[in-house]
Amino acid sequence: MEKKVRVRFAPSPTGGLHLGGVRTALYNYLFARQHNGDFILRIEDTDQSRFVAGAEEYIYESLKWCGLEPDESPQKGGPCGPYRQSERKKNYLKYAEKLVETGQAYYAFDTPEELESMRSSHRTASNPSPQYDHQTRMHMRNSLTLAQDETKNLLSSGIPFVIRIRMPENETLHLNDMIRGRVDFNTSLVDDKVLLKADGMPTYHLAVVVDDFLMEISHAFRGEEWLPSAPVHLLLWRYLFGEENMPAWAHFPLILKPDGNGKLSKRDSDRLGIPIYAMDWKDPITGSVISGFRENGFLPEAFVNMLAVLGWNDGTEQELYAISELIEKFSIDRVHRAGAKFNYEKAKWFNQEWIRKIPMDELSHAVRKIYEHHQLHIPDENYLREVILLIRERCHLLPEFYTQGKLFFKAPEKWDLDAIKAKWTKEKAGFFYDYIASFEKIAEWNAYNLEISFKELATSQQIKPGELQLPLRIMLVGEKSGPPVFDIAALLGKKEAALRIKNLLAETGNW
RNA sequence: GCCGCGUUGGUCAAGGGGUUAAGACGCAUCCCUUUCACGGAUGAUUCACGGGUUCGAAUCCCGUACGCGGUACCA
């Protein structure tokens with residue numbers, strides 16, 4: 001019988017959720033959904049010293065914003081709880097001890113100082129980082145080198161100890177990665193990783209394996225940085241639960257910084273002025289804020305879409321996908337093997353596309369929040385929608401709905417006078433007075449009629465209509481740019497349009 | 001150093017023995033618009049290098065270079 005698909009996203013709560021993390025979560029989610037499986041959030045907080053308050057909630061909220069709500073999580077619970085490794089501490093010791101009994105692991109009593117002295121004494125130019133491995137382990141203080149009673153005594157005396165895996169010598173391990181195919185490792189080249197730390201907490205290596213087993217994880221997907229330690233996990237599965245029960249592995253490529261090389265990091269956010277977290281993350285210790293896509297005006301649909309195709313495509317020319325479509329079309333074997341540089345310009349393009357794509361209800365809700373935040377008075381929903389219709393195609397980021405749309409709610413406070421002053425004449429002023437007067441005769445107040453009467457009047461006064469358009473624009477909105485002038489005037493309404501024209505006309509009297 | 005993973009325009013990428021080597025972002029020019037955008041058209045910039053295998057290599061093989069990741073009682 002087929003094993004039920006269960007996929008976990010297992011971040012450590014040491015800060016915000018960067019792009020690589022969200023993408024891993026996304027791919028995990030997509031795979032789970034397309035196989036009708038479960039998507040699980042498991043918090044890997046076994047390193048208490050690096051634990052950052054609030055980070056766990058932040059991760060959960062970020063996932064929710066992205067539309068990737070887990071089925072099981074510390075917040076929601078589930079049949080395999082608890083979902084925080086720190087609360088599962090009691091699970092791990094027995095497995096580590098079992099490995100010691102079978103000779104596949106051993107107790108080690110070396111102090112940090114002793115470890116450091118081993119490393120420094122073995123350090124050479126050709127071996128800058130000596131490992132605790134088959135070559136050095138017999139020179140250290142552990143249950144392999146100590147007499148049995150001595151080990152027993154040390155253990156019962158309460159002296160701190162760790163349990164390390166005993167890597168076999170010269171064995172070739174094959175990992176079948178869903179993205180990379182077969183990857184070979186020689187066990188002699190992998191060190192005797194600590195499995196259980198002196199504080200009784202497991203390291204990641206023991207914890208993933210035990211938890212993946214206990215939580216019946218069927219597919220284990222994570223970032224490429226984990227590939228080098230995969231042989232340890234493989235061996236642990238073989239020793240503890242049987243290799244045949246091991247989840248299928250896939251290691252996703254890294255997301256690289258936009259300039260230069262290397263993994264995208266939170267420092268790049270400030271340096272380049274770009275968001276790299278899903279949502280703003282405020283570090284509770286330093287108080288510094290790493291900016292997020294949400295606060296920069298991204299739609300979650302766009303953010304997720306952009307991330308999905310950064311390192312994956314379905315082989316067609318399609319680039320725009322709703323999450324439901326991604327569930328349908330995503331396939332792990334089409335995920336790229338190479339890391340991808342993050343490109344903020346392209347990210348903005350995705351957002352622009354999604355601003356056009358989402359339903360008006362959703363957009364108007366988001367835009368209303370922005371306007372209310374800026375304390376703009378919205379007369380009614382219909383007016384709001386008319387404004388959105390007019391400027392929607394011009395916006396890349398949500399805050400632009402404010403910069404481009406505020407003129408519909410608030411008269412300009414200053415005008416770009418330089419744009420019209422030089423070519424201004426008394427005749428032009430006269431034209432605008434007449435134009436306002438003509439408003440009363442316009443049968444139906446709309447952009448088309450406004451334009452027709454504007455042009456007719458201009459022609460009758462022997463002024464080129466083109467020369468009058470820029471002044472009209474400045475009168476209405478203060479700036480040279482924006483949607484078509486007559487559309488603006490139409491939407492503003494007769495009274496407001498006339499008022500704005502008069503205001504500037506009063507100003508021109510001083511020229 | 002050692003181990004692992006990579007390498008198609010500036011960026012994301014399709015293509016997996018025969019292609020004029022797709023497409024998108026960005027850039028440039030032009031058109032549309034008497035604004036700015038949007039849109040449309042056109043263009044510049046590519047298979048890391050060296051050897052093989054083959055009638056034929058971006059594609060297969062071997063080297064090399066370069067980049068990244070790992071080499072913690074961090075995840």
# chains A, B, ... in the order shown; residues from 1 in each chain; ligands from 1
>>> closest_atom_pairs(of="chain B", to="chain A", cutoff="12 Å", atoms="only C-alpha atoms (C1' of nucleotides)", output="CSV")
residue,atom,partner,partner_atom,distance
B:G1,C1',A:Ser126,CA,4.0
B:C2,C1',A:Asn127,CA,7.2
B:C3,C1',A:Leu189,CA,6.7
B:G4,C1',A:Pro228,CA,5.9
B:C5,C1',A:Glu224,CA,8.0
B:G6,C1',A:Ala338,CA,5.3
B:U7,C1',A:Ala338,CA,8.1
B:G10,C1',A:Asp259,CA,10.2
B:U11,C1',A:Asn343,CA,6.4
B:C12,C1',A:Leu310,CA,6.7
B:A13,C1',A:Asn313,CA,8.3
B:A14,C1',A:Gly315,CA,6.4
B:G15,C1',A:Gly315,CA,9.4
B:A22,C1',A:Glu317,CA,8.4
B:G23,C1',A:Glu317,CA,5.6
B:A24,C1',A:Glu319,CA,7.6
B:C25,C1',A:Lys346,CA,4.9
B:G26,C1',A:Glu345,CA,7.5
B:U33,C1',A:Pro484,CA,9.1
B:U34,C1',A:Gly466,CA,4.8
B:U35,C1',A:Ser481,CA,5.2
B:C36,C1',A:Ser481,CA,4.0
B:A37,C1',A:Arg394,CA,5.6
B:C38,C1',A:Glu393,CA,6.2
B:G39,C1',A:Glu393,CA,10.6
B:C66,C1',A:Asn261,CA,11.7
B:G67,C1',A:Asn261,CA,7.2
B:C68,C1',A:Gly262,CA,6.3
B:G69,C1',A:Glu225,CA,5.4
B:G70,C1',A:Pro228,CA,5.5
B:U71,C1',A:Ser129,CA,6.6
B:A72,C1',A:Val194,CA,9.3
B:C73,C1',A:Lys197,CA,4.8
B:C74,C1',A:Asp47,CA,7.2
B:A75,C1',A:Ser12,CA,6.2
>>> select_by_dssp(residues="region 27-110 of chain A", states="helix (DSSP H, G or I)", output="PyMOL selection string")
chain A and resi 27-34+48-50+55-65+85-101
>>> write_last_selection(atoms="N, CA and C atoms", output="tab-separated table (two decimals), in the first residue's frame")
chain	number	residue	atom	x	y	z
A	27	TYR	N	7.31	24.84	-1.85
A	27	TYR	CA	7.45	23.59	-2.59
A	27	TYR	C	6.93	22.41	-1.77
A	28	ASN	N	7.21	22.45	-0.48
A	28	ASN	CA	6.69	21.39	0.39
A	28	ASN	C	5.16	21.37	0.36
A	29	TYR	N	4.60	22.55	0.48
A	29	TYR	CA	3.14	22.69	0.49
A	29	TYR	C	2.54	22.19	-0.82
A	30	LEU	N	3.14	22.64	-1.92
A	30	LEU	CA	2.65	22.26	-3.24
A	30	LEU	C	2.65	20.75	-3.41
A	31	PHE	N	3.74	20.15	-3.00
A	31	PHE	CA	3.86	18.70	-3.16
A	31	PHE	C	2.82	17.98	-2.30
A	32	ALA	N	2.69	18.46	-1.08
A	32	ALA	CA	1.70	17.84	-0.18
A	32	ALA	C	0.31	17.94	-0.78
A	33	ARG	N	-0.05	19.15	-1.24
A	33	ARG	CA	-1.40	19.35	-1.77
A	33	ARG	C	-1.66	18.54	-3.03
A	34	GLN	N	-0.67	18.46	-3.89
A	34	GLN	CA	-0.95	17.77	-5.14
A	34	GLN	C	-1.02	16.25	-4.95
A	48	GLN	N	18.77	26.29	22.10
A	48	GLN	CA	18.12	27.32	22.91
A	48	GLN	C	18.85	28.65	22.85
A	49	SER	N	20.16	28.59	22.68
A	49	SER	CA	20.92	29.82	22.71
A	49	SER	C	20.62	30.70	21.50
A	50	ARG	N	20.15	30.08	20.44
A	50	ARG	CA	19.87	30.87	19.23
A	50	ARG	C	18.40	31.17	19.05
A	55	ALA	N	9.88	34.60	17.02
A	55	ALA	CA	10.19	34.13	15.67
A	55	ALA	C	9.24	33.01	15.22
A	56	GLU	N	8.86	32.18	16.17
A	56	GLU	CA	7.99	31.06	15.81
A	56	GLU	C	6.62	31.55	15.34
A	57	GLU	N	6.05	32.49	16.06
A	57	GLU	CA	4.75	33.05	15.67
A	57	GLU	C	4.89	33.76	14.33
A	58	TYR	N	6.01	34.44	14.17
A	58	TYR	CA	6.27	35.15	12.93
A	58	TYR	C	6.26	34.19	11.74
A	59	ILE	N	6.90	33.05	11.92
A	59	ILE	CA	6.95	32.05	10.85
A	59	ILE	C	5.54	31.59	10.48
A	60	TYR	N	4.76	31.33	11.50
A	60	TYR	CA	3.40	30.86	11.27
A	60	TYR	C	2.57	31.92	10.54
A	61	GLU	N	2.68	33.15	10.98
A	61	GLU	CA	1.94	34.24	10.34
A	61	GLU	C	2.38	34.44	8.90
A	62	SER	N	3.68	34.32	8.68
A	62	SER	CA	4.19	34.47	7.31
A	62	SER	C	3.60	33.40	6.39
A	63	LEU	N	3.57	32.19	6.88
A	63	LEU	CA	3.02	31.10	6.07
A	63	LEU	C	1.56	31.37	5.76
A	64	LYS	N	0.84	31.85	6.75
A	64	LYS	CA	-0.57	32.14	6.56
A	64	LYS	C	-0.76	33.25	5.52
A	65	TRP	N	0.06	34.27	5.63
A	65	TRP	CA	-0.06	35.37	4.67
A	65	TRP	C	0.17	34.85	3.25
A	85	GLN	N	10.54	20.82	18.71
A	85	GLN	CA	11.51	19.82	19.14
A	85	GLN	C	11.90	19.98	20.60
A	86	SER	N	11.89	21.20	21.08
A	86	SER	CA	12.26	21.39	22.49
A	86	SER	C	11.28	20.67	23.41
A	87	GLU	N	10.07	20.44	22.93
A	87	GLU	CA	9.08	19.75	23.76
A	87	GLU	C	9.09	18.24	23.54
A	88	ARG	N	9.96	17.78	22.69
A	88	ARG	CA	10.02	16.36	22.39
A	88	ARG	C	11.30	15.76	22.92
A	89	LYS	N	11.94	16.49	23.78
A	89	LYS	CA	13.26	16.11	24.28
A	89	LYS	C	13.32	14.66	24.73
A	90	LYS	N	12.28	14.22	25.42
A	90	LYS	CA	12.31	12.86	25.98
A	90	LYS	C	12.37	11.78	24.89
A	91	ASN	N	11.96	12.11	23.70
A	91	ASN	CA	11.97	11.10	22.64
A	91	ASN	C	13.36	10.66	22.20
A	92	TYR	N	14.27	11.60	22.29
A	92	TYR	CA	15.53	11.37	21.57
A	92	TYR	C	16.56	10.50	22.29
A	93	LEU	N	16.62	10.64	23.61
A	93	LEU	CA	17.66	9.95	24.36
A	93	LEU	C	17.68	8.45	24.10
A	94	LYS	N	16.50	7.85	24.11
A	94	LYS	CA	16.47	6.39	23.97
A	94	LYS	C	17.01	5.91	22.63
A	95	TYR	N	16.79	6.70	21.61
A	95	TYR	CA	17.31	6.29	20.31
A	95	TYR	C	18.83	6.42	20.27
A	96	ALA	N	19.31	7.48	20.89
A	96	ALA	CA	20.76	7.67	20.93
A	96	ALA	C	21.40	6.52	21.73
A	97	GLU	N	20.76	6.15	22.83
A	97	GLU	CA	21.31	5.06	23.65
A	97	GLU	C	21.26	3.72	22.92
A	98	LYS	N	20.21	3.56	22.15
A	98	LYS	CA	20.08	2.33	21.38
A	98	LYS	C	21.26	2.20	20.40
A	99	LEU	N	21.64	3.31	19.83
A	99	LEU	CA	22.76	3.30	18.89
A	99	LEU	C	24.07	2.97	19.60
A	100	VAL	N	24.18	3.44	20.83
A	100	VAL	CA	25.39	3.13	21.60
A	100	VAL	C	25.45	1.63	21.86
A	101	GLU	N	24.31	1.08	22.24
A	101	GLU	CA	24.26	-0.36	22.53
A	101	GLU	C	24.68	-1.19	21.34
>>> atom_distance(atom1="CA of Ser269 (chain A)", atom2="CA of Ala220 (chain A)")
29.3 Å
>>> residues_around(residues="Asp380 (chain A)", least_positions_apart="6", cutoff="12 Å", atoms="only C-alpha atoms (C1' of nucleotides)", output="PyMOL selection string")
chain A and resi 364+368+386-387+409
>>> atom_distance(atom1="CA of Ala429 (chain A)", atom2="CA of Lys406 (chain A)")
26.4 Å
>>> closest_residue(among="A:Met140, A:Ile217, A:Ala250, A:Leu236", to="Pro168 (chain A)", atoms="only C-alpha atoms")
A:Leu236
>>> residues_around(residues="C47 (chain B)", least_positions_apart="6", cutoff="12 Å", atoms="only C-alpha atoms (C1' of nucleotides)", output="PDB file with N, CA and C atoms (P, O5', C5', C4', C3', O3' and C1' of nucleotides), in the first residue's frame")
ATOM      1  P     U B   7      24.318  23.361 -14.047  1.00  0.00           P
ATOM      2  O5'   U B   7      25.190  24.675 -14.334  1.00  0.00           O
ATOM      3  C5'   U B   7      24.753  25.936 -13.800  1.00  0.00           C
ATOM      4  C4'   U B   7      25.751  27.001 -14.229  1.00  0.00           C
ATOM      5  C3'   U B   7      25.965  27.022 -15.740  1.00  0.00           C
ATOM      6  O3'   U B   7      25.955  28.339 -16.261  1.00  0.00           O
ATOM      7  C1'   U B   7      28.029  26.576 -14.614  1.00  0.00           C
ATOM      8  P     U B   8      24.579  29.031 -16.578  1.00  0.00           P
ATOM      9  O5'   U B   8      24.380  28.650 -18.102  1.00  0.00           O
ATOM     10  C5'   U B   8      25.452  28.782 -19.013  1.00  0.00           C
ATOM     11  C4'   U B   8      24.923  29.052 -20.385  1.00  0.00           C
ATOM     12  C3'   U B   8      24.081  30.308 -20.504  1.00  0.00           C
ATOM     13  O3'   U B   8      24.900  31.455 -20.683  1.00  0.00           O
ATOM     14  C1'   U B   8      22.957  28.520 -21.549  1.00  0.00           C
ATOM     15  P     G B   9      24.896  32.626 -19.679  1.00  0.00           P
ATOM     16  O5'   G B   9      24.244  33.791 -20.526  1.00  0.00           O
ATOM     17  C5'   G B   9      24.294  35.118 -20.034  1.00  0.00           C
ATOM     18  C4'   G B   9      24.243  36.059 -21.237  1.00  0.00           C
ATOM     19  C3'   G B   9      23.855  37.484 -20.878  1.00  0.00           C
ATOM     20  O3'   G B   9      24.908  38.347 -21.315  1.00  0.00           O
ATOM     21  C1'   G B   9      22.607  36.684 -22.750  1.00  0.00           C
ATOM     22  P     G B  15      13.232  21.904 -21.073  1.00  0.00           P
ATOM     23  O5'   G B  15      14.055  21.731 -22.414  1.00  0.00           O
ATOM     24  C5'   G B  15      13.347  21.524 -23.637  1.00  0.00           C
ATOM     25  C4'   G B  15      14.299  21.812 -24.768  1.00  0.00           C
ATOM     26  C3'   G B  15      15.498  20.883 -24.789  1.00  0.00           C
ATOM     27  O3'   G B  15      15.117  19.712 -25.494  1.00  0.00           O
ATOM     28  C1'   G B  15      16.200  23.137 -25.117  1.00  0.00           C
ATOM     29  P     A B  21      20.757  29.038 -34.030  1.00  0.00           P
ATOM     30  O5'   A B  21      19.351  29.252 -33.319  1.00  0.00           O
ATOM     31  C5'   A B  21      18.654  28.112 -32.844  1.00  0.00           C
ATOM     32  C4'   A B  21      18.456  28.226 -31.364  1.00  0.00           C
ATOM     33  C3'   A B  21      18.218  29.627 -30.827  1.00  0.00           C
ATOM     34  O3'   A B  21      16.908  30.044 -31.159  1.00  0.00           O
ATOM     35  C1'   A B  21      19.627  28.423 -29.375  1.00  0.00           C
ATOM     36  P     A B  57      30.314  18.639 -33.568  1.00  0.00           P
ATOM     37  O5'   A B  57      29.310  19.711 -32.937  1.00  0.00           O
ATOM     38  C5'   A B  57      27.923  19.477 -32.789  1.00  0.00           C
ATOM     39  C4'   A B  57      27.523  19.817 -31.372  1.00  0.00           C
ATOM     40  C3'   A B  57      28.592  20.513 -30.551  1.00  0.00           C
ATOM     41  O3'   A B  57      27.980  21.389 -29.616  1.00  0.00           O
ATOM     42  C1'   A B  57      28.067  18.451 -29.556  1.00  0.00           C
ATOM     43  P     A B  58      27.801  22.904 -29.916  1.00  0.00           P
ATOM     44  O5'   A B  58      27.200  23.493 -28.561  1.00  0.00           O
ATOM     45  C5'   A B  58      28.046  23.737 -27.455  1.00  0.00           C
ATOM     46  C4'   A B  58      27.255  23.649 -26.173  1.00  0.00           C
ATOM     47  C3'   A B  58      26.791  22.233 -25.823  1.00  0.00           C
ATOM     48  O3'   A B  58      27.741  21.617 -24.987  1.00  0.00           O
ATOM     49  C1'   A B  58      24.947  23.730 -25.766  1.00  0.00           C
ATOM     50  P     U B  59      28.012  20.056 -25.075  1.00  0.00           P
ATOM     51  O5'   U B  59      26.576  19.423 -24.799  1.00  0.00           O
ATOM     52  C5'   U B  59      26.014  19.404 -23.491  1.00  0.00           C
ATOM     53  C4'   U B  59      24.629  18.831 -23.586  1.00  0.00           C
ATOM     54  C3'   U B  59      24.606  17.332 -23.888  1.00  0.00           C
ATOM     55  O3'   U B  59      23.740  16.671 -23.000  1.00  0.00           O
ATOM     56  C1'   U B  59      23.323  18.545 -25.492  1.00  0.00           C
TER      57        U B  59
END
>>> residues_around(residues="G52 (chain B)", least_positions_apart="5", cutoff="12 Å", atoms="only C-alpha atoms (C1' of nucleotides)", output="CSV table (one decimal) with N, CA and C atoms (P, O5', C5', C4', C3', O3' and C1' of nucleotides), in the first residue's frame")
chain,number,residue,atom,x,y,z
B,57,A,P,30.3,18.6,-33.6
B,57,A,O5',29.3,19.7,-32.9
B,57,A,C5',27.9,19.5,-32.8
B,57,A,C4',27.5,19.8,-31.4
B,57,A,C3',28.6,20.5,-30.6
B,57,A,O3',28.0,21.4,-29.6
B,57,A,C1',28.1,18.5,-29.6
B,60,C,P,24.4,16.0,-21.7
B,60,C,O5',25.2,14.8,-22.3
B,60,C,C5',24.6,13.5,-22.4
B,60,C,C4',25.6,12.5,-22.8
B,60,C,C3',27.0,12.6,-22.0
B,60,C,O3',26.9,11.9,-20.8
B,60,C,C1',27.4,12.4,-24.3
B,61,C,P,27.9,12.4,-19.6
B,61,C,O5',29.3,11.8,-20.1
B,61,C,C5',29.5,10.4,-20.1
B,61,C,C4',31.0,10.2,-20.4
B,61,C,C3',32.0,11.0,-19.6
B,61,C,O3',32.2,10.3,-18.4
B,61,C,C1',32.5,11.3,-21.9
B,62,C,P,32.7,11.2,-17.1
B,62,C,O5',34.2,11.6,-17.5
B,62,C,C5',35.2,10.6,-17.6
B,62,C,C4',36.4,11.2,-18.1
B,62,C,C3',36.9,12.4,-17.2
B,62,C,O3',37.4,12.0,-16.0
B,62,C,C1',37.1,13.0,-19.5
B,63,G,P,37.7,13.0,-14.8
B,63,G,O5',39.1,13.6,-15.3
B,63,G,C5',39.6,14.7,-14.7
B,63,G,C4',40.4,15.5,-15.7
B,63,G,C3',40.6,16.9,-15.3
B,63,G,O3',41.6,17.0,-14.3
B,63,G,C1',39.9,16.8,-17.6
>>> atom_distance(atom1="CA of Met215 (chain A)", atom2="CA of Ile332 (chain A)")
21.9 Å
>>> residues_around(residues="Leu457 (chain A)", least_positions_apart="2", cutoff="12 Å", atoms="only C-alpha atoms (C1' of nucleotides)", output="PyMOL selection string")
chain A and resi 428+430-439+450-455+459-465+468
>>> write_last_selection(atoms="C-alpha atoms", output="mmCIF file, in the first residue's frame")
data_model
loop_
_atom_site.group_PDB
_atom_site.id
_atom_site.type_symbol
_atom_site.label_atom_id
_atom_site.label_comp_id
_atom_site.auth_asym_id
_atom_site.auth_seq_id
_atom_site.Cartn_x
_atom_site.Cartn_y
_atom_site.Cartn_z
ATOM 1 C CA LYS A 428 -5.092 80.930 -22.051
ATOM 2 C CA GLY A 430 -9.440 83.483 -20.579
ATOM 3 C CA PHE A 431 -9.943 80.121 -22.168
ATOM 4 C CA PHE A 432 -10.087 78.353 -18.828
ATOM 5 C CA TYR A 433 -12.655 80.787 -17.434
ATOM 6 C CA ASP A 434 -14.787 80.078 -20.466
ATOM 7 C CA TYR A 435 -14.205 76.393 -20.132
ATOM 8 C CA ILE A 436 -15.499 76.353 -16.573
ATOM 9 C CA ALA A 437 -18.501 78.321 -17.677
ATOM 10 C CA SER A 438 -19.156 75.781 -20.411
ATOM 11 C CA PHE A 439 -19.445 72.990 -17.815
ATOM 12 C CA LEU A 450 -15.421 67.092 -21.678
ATOM 13 C CA GLU A 451 -12.805 66.514 -24.301
ATOM 14 C CA ILE A 452 -15.059 67.479 -27.200
ATOM 15 C CA SER A 453 -16.120 70.748 -25.629
ATOM 16 C CA PHE A 454 -12.529 71.460 -24.612
ATOM 17 C CA LYS A 455 -11.347 71.077 -28.176
ATOM 18 C CA THR A 459 -10.409 75.916 -31.719
ATOM 19 C CA SER A 460 -12.966 78.703 -31.590
ATOM 20 C CA GLN A 461 -10.494 80.817 -29.632
ATOM 21 C CA GLN A 462 -7.692 79.900 -32.023
ATOM 22 C CA ILE A 463 -5.553 78.192 -29.441
ATOM 23 C CA LYS A 464 -4.096 74.736 -30.097
ATOM 24 C CA PRO A 465 -5.847 72.262 -27.789
ATOM 25 C CA LEU A 468 -3.912 73.728 -23.127
#
